[in-house]
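Engineer: This is upload_21.txt (compact mmCIF, C-alpha atoms).
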```
# COMPACT_ATOMS: atom_id res chain seq x y z
CA MET A 1 201.88 159.58 27.85
CA SER A 2 198.15 159.32 27.24
CA ASP A 3 196.62 156.05 26.06
CA ASN A 4 195.46 157.86 22.91
CA VAL A 5 198.99 158.84 21.82
CA THR A 6 201.29 156.45 19.96
CA ILE A 7 204.90 157.41 19.17
CA ARG A 8 207.24 154.98 17.44
CA ILE A 9 210.70 155.43 16.00
CA GLN A 10 211.79 152.46 13.94
CA THR A 11 213.96 151.37 11.04
CA ALA A 12 211.26 149.20 9.44
CA ASP A 13 208.75 150.58 6.97
CA PHE A 14 205.12 150.91 8.06
CA ASP A 15 201.69 150.57 6.50
CA ILE A 16 199.75 153.85 6.68
CA ASN A 17 196.39 152.09 6.32
CA ALA A 18 197.25 149.75 9.20
CA GLU A 19 198.20 152.77 11.34
CA ILE A 20 194.84 154.44 10.58
CA ALA A 21 193.00 151.20 11.36
CA ALA A 22 194.81 150.89 14.71
CA LEU A 23 194.01 154.50 15.62
CA THR A 24 190.32 154.19 14.78
CA ALA A 25 189.60 150.58 15.83
CA SER A 26 186.36 150.27 17.82
CA ARG A 27 185.97 154.07 17.97
CA THR A 28 182.67 155.76 17.08
CA ASP A 29 183.69 159.20 18.37
CA ILE A 30 186.09 159.89 15.48
CA GLY A 31 184.71 161.95 12.61
CA ALA A 32 188.01 162.97 11.01
CA VAL A 33 191.50 161.57 10.62
CA VAL A 34 194.13 163.76 9.01
CA THR A 35 197.14 161.94 7.63
CA PHE A 36 200.45 163.49 6.70
CA SER A 37 203.00 161.14 5.22
CA GLY A 38 206.57 162.16 4.52
CA ILE A 39 208.25 160.35 1.62
CA CYS A 40 211.91 160.46 0.64
CA ARG A 41 212.23 162.70 -2.40
CA GLY A 42 214.80 161.89 -5.10
CA GLY A 43 214.87 164.68 -7.65
CA GLU A 44 216.79 165.00 -10.88
CA GLY A 45 220.28 165.96 -11.95
CA SER A 46 223.62 165.77 -10.17
CA ASP A 47 222.23 166.99 -6.85
CA ALA A 48 219.40 164.44 -6.77
CA THR A 49 219.08 162.57 -3.50
CA THR A 50 220.03 158.91 -3.83
CA ALA A 51 219.38 158.13 -0.14
CA LEU A 52 218.80 159.73 3.25
CA THR A 53 220.14 158.41 6.52
CA LEU A 54 218.22 159.54 9.60
CA GLU A 55 219.66 159.30 13.09
CA HIS A 56 218.18 160.11 16.50
CA TYR A 57 218.98 159.99 20.19
CA PRO A 58 217.00 156.93 21.43
CA GLY A 59 214.70 157.62 24.35
CA MET A 60 215.08 161.39 24.14
CA ALA A 61 213.53 161.64 20.68
CA GLU A 62 210.46 159.60 21.67
CA ALA A 63 209.98 161.62 24.85
CA GLU A 64 210.33 164.96 23.06
CA ILE A 65 207.93 164.00 20.27
CA GLY A 66 205.53 162.61 22.88
CA ARG A 67 205.62 165.90 24.77
CA HIS A 68 204.48 167.76 21.65
CA ALA A 69 201.82 165.17 20.87
CA GLU A 70 200.45 165.64 24.40
CA GLU A 71 200.47 169.41 23.84
CA ALA A 72 198.42 168.89 20.67
CA MET A 73 195.97 166.79 22.70
CA THR A 74 195.49 169.71 25.12
CA ARG A 75 195.31 172.44 22.43
CA TRP A 76 192.67 170.69 20.31
CA PRO A 77 189.83 168.25 21.11
CA LEU A 78 191.65 165.22 19.73
CA THR A 79 190.69 161.61 20.22
CA GLY A 80 194.11 160.30 19.22
CA VAL A 81 197.55 160.96 17.74
CA THR A 82 199.94 158.55 16.05
CA ILE A 83 203.45 159.48 14.94
CA VAL A 84 205.74 156.93 13.33
CA HIS A 85 209.19 158.10 12.22
CA ARG A 86 211.79 155.95 10.54
CA THR A 87 215.54 156.04 11.05
CA GLY A 88 218.35 154.44 9.12
CA ARG A 89 218.96 154.53 5.38
CA ILE A 90 215.87 155.45 3.33
CA LEU A 91 215.69 155.45 -0.45
CA PRO A 92 213.67 157.81 -2.70
CA GLY A 93 210.01 156.80 -2.77
CA GLU A 94 210.12 155.14 0.66
CA ASN A 95 208.17 156.33 3.71
CA ILE A 96 210.00 158.52 6.19
CA MET A 97 207.22 159.29 8.63
CA VAL A 98 203.49 159.58 9.23
CA VAL A 99 201.47 161.86 11.50
CA LEU A 100 197.85 160.93 12.17
CA THR A 101 195.50 163.12 14.16
CA ALA A 102 191.94 162.08 14.99
CA SER A 103 189.07 164.20 16.23
CA ALA A 104 185.30 164.38 16.14
CA HIS A 105 185.65 167.23 13.62
CA ARG A 106 188.04 168.02 10.76
CA GLN A 107 189.25 171.47 11.84
CA ALA A 108 190.94 170.18 15.00
CA ALA A 109 192.46 167.26 13.10
CA PHE A 110 193.87 169.52 10.37
CA GLN A 111 195.24 172.19 12.73
CA SER A 112 196.86 169.71 15.11
CA ALA A 113 198.48 167.79 12.26
CA GLU A 114 199.94 171.02 10.92
CA PHE A 115 201.17 171.98 14.40
CA LEU A 116 202.89 168.61 14.82
CA MET A 117 204.46 168.70 11.35
CA ASP A 118 205.79 172.22 11.90
CA TYR A 119 207.36 171.06 15.17
CA LEU A 120 208.82 167.88 13.63
CA LYS A 121 210.40 169.75 10.70
CA ALA A 122 211.93 172.46 12.90
CA HIS A 123 212.76 170.91 16.25
CA ALA A 124 212.46 167.13 16.43
CA PRO A 125 215.77 165.57 17.49
CA PHE A 126 216.70 163.88 14.21
CA TRP A 127 219.81 164.32 12.10
CA LYS A 128 219.61 163.80 8.36
CA ARG A 129 222.51 162.90 6.09
CA GLU A 130 221.84 163.17 2.35
CA GLU A 131 223.56 161.11 -0.32
CA THR A 132 223.87 162.49 -3.86
CA ALA A 133 226.06 161.67 -6.85
CA ALA A 134 228.32 164.53 -5.70
CA GLY A 135 228.83 163.09 -2.21
CA THR A 136 227.32 162.91 1.26
CA GLY A 137 226.54 165.70 3.70
CA TRP A 138 224.43 166.60 6.71
CA VAL A 139 221.26 168.55 5.97
CA ALA A 140 221.17 171.96 7.68
CA ALA A 141 218.10 173.35 9.43
CA LYS A 142 215.99 175.71 7.33
CA SER A 143 214.78 179.11 8.53
CA ASP A 144 211.41 178.52 6.79
CA ASP A 145 210.84 175.53 9.08
CA ASP A 146 211.70 177.63 12.15
CA ASP A 147 209.31 180.37 10.98
CA ALA A 148 206.48 177.85 10.53
CA ALA A 149 207.00 176.46 14.05
CA ALA A 150 207.20 179.96 15.56
CA ARG A 151 203.61 180.74 14.61
CA TRP A 152 202.48 178.18 17.20
CA GLY A 153 204.60 179.76 19.93
CA LYS A 154 207.36 177.19 19.43
```
Represent the structure from my file as structure tokens, please.

Structural biologist:
Amino acid sequence: MSDNVTIRIQTADFDINAEIAALTASRTDIGAVVTFSGICRGGEGSDATTALTLEHYPGMAEAEIGRHAEEAMTRWPLTGVTIVHRTGRILPGENIMVVLTASAHRQAAFQSAEFLMDYLKAHAPFWKREETAAGTGWVAAKSDDDDAAARWGK
């Protein structure tokens, strides 16, 4: 994996500002950083999420996400990519993941972040179990996510 790509899967929370600072430290070639942060949504009523538990296949998940980050680096003139994804039990309001893309110009940063998010939602090797007042169940894949990823040839 390129020196300008960071992929981490961890149970601990992360600081988005610290991740941006690490990506941009001592760099004068970066004119844009696009940040997407995924946060556990709760909701209201009897089907409100009380927690999510995310699982992954260690080693494979990092390699697969890294492969797509490298593809983003070749599709757009990026200076760096950071993806941090949490696993374990996550409560509403807590961070799930962050995608940072850096480039000299905003268009590449925006497009590559969208590409990576579409991939992560549709194909990243994570399994999500949702807890609600009514019980616990695995979250099924959504066709809208597959459609979004397909527009990139994925």

Engineer: Please report the interatomic distance between atom CA of Ile65 of chain A and atom CA of Ala48 of chain A in Å with one decimal.

Structural biologist: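 Separating atom CA of Ile65 of chain A from atom CA of Ala48 of chain A is a distance of 29.4 Å.
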
Engineer: So, counting all atoms listed in the file, which residue among A:Phe115, A:Phe126, A:Trp76, A:Tyr57 is closest to Ala141 of chain A?

Structural biologist: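 Checking each of A:Phe115, A:Phe126, A:Trp76, A:Tyr57 against Ala141 of chain A, counting all atoms listed in the file, the winner is A:Phe126.
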
Engineer: Using all atoms listed in the file, which of A:Leu52, A:Met97, A:Ala18, A:Ala113 sits nearest Arg129 of chain A?

Structural biologist: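 Using all atoms listed in the file, Arg129 of chain A sits closest to A:Leu52.
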
Engineer: Give me, please, the distance in Å between atom CA of Thr132 of chain A and atom CA of Arg86 of chain A, quoted to one decimal.

Structural biologist: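 So the answer is 19.9 Å.
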
Engineer: Find the residue from A:Leu91, A:Ala122, A:Ile20, A:Ala133 that sits nearest to Ala150 of chain A; use all atoms listed in the file when measuring.

Structural biologist: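 Smallest separation from Ala150 of chain A among the options: A:Ala122.
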
Engineer: Write out as a PyMOL selection string the residues lying within 12 Å of Ala21 of chain A, counting only C-alpha atoms and excluding same-chain residues fewer than 5 positions away.

Structural biologist: chain A and resi 15-16+26-27+30+33+82+100+102

Engineer: When distances are computed from all atoms listed in the file, which of A:Leu116, A:Ile83, A:Val139, A:Ala69 shows the smallest separation from Thr49 of chain A?

Structural biologist: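 That would be A:Val139, the residue with the smallest distance to Thr49 of chain A.
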
Engineer: Let me make sure I understand: among A:Thr35, A:Thr28, A:Thr6, A:Thr53, which one has the smallest atom-to-atom distance to Ala104 of chain A if we use only C-alpha atoms?

Structural biologist: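 Closest to Ala104 of chain A, using only C-alpha atoms: A:Thr28.
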
Engineer: Which value, in Å to one decimal, gives the distance between atom CA of Asn4 of chain A and atom CA of Arg106 of chain A?

Structural biologist: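 Atom-to-atom, atom CA of Asn4 of chain A and atom CA of Arg106 of chain A are spaced 17.5 Å apart.
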
Engineer: With all atoms listed in the file as the atoms that count, which of A:Ile7, A:Ala140, A:Leu54, A:Ala12 lies nearest to Trp127 of chain A?

Structural biologist: A:Leu54
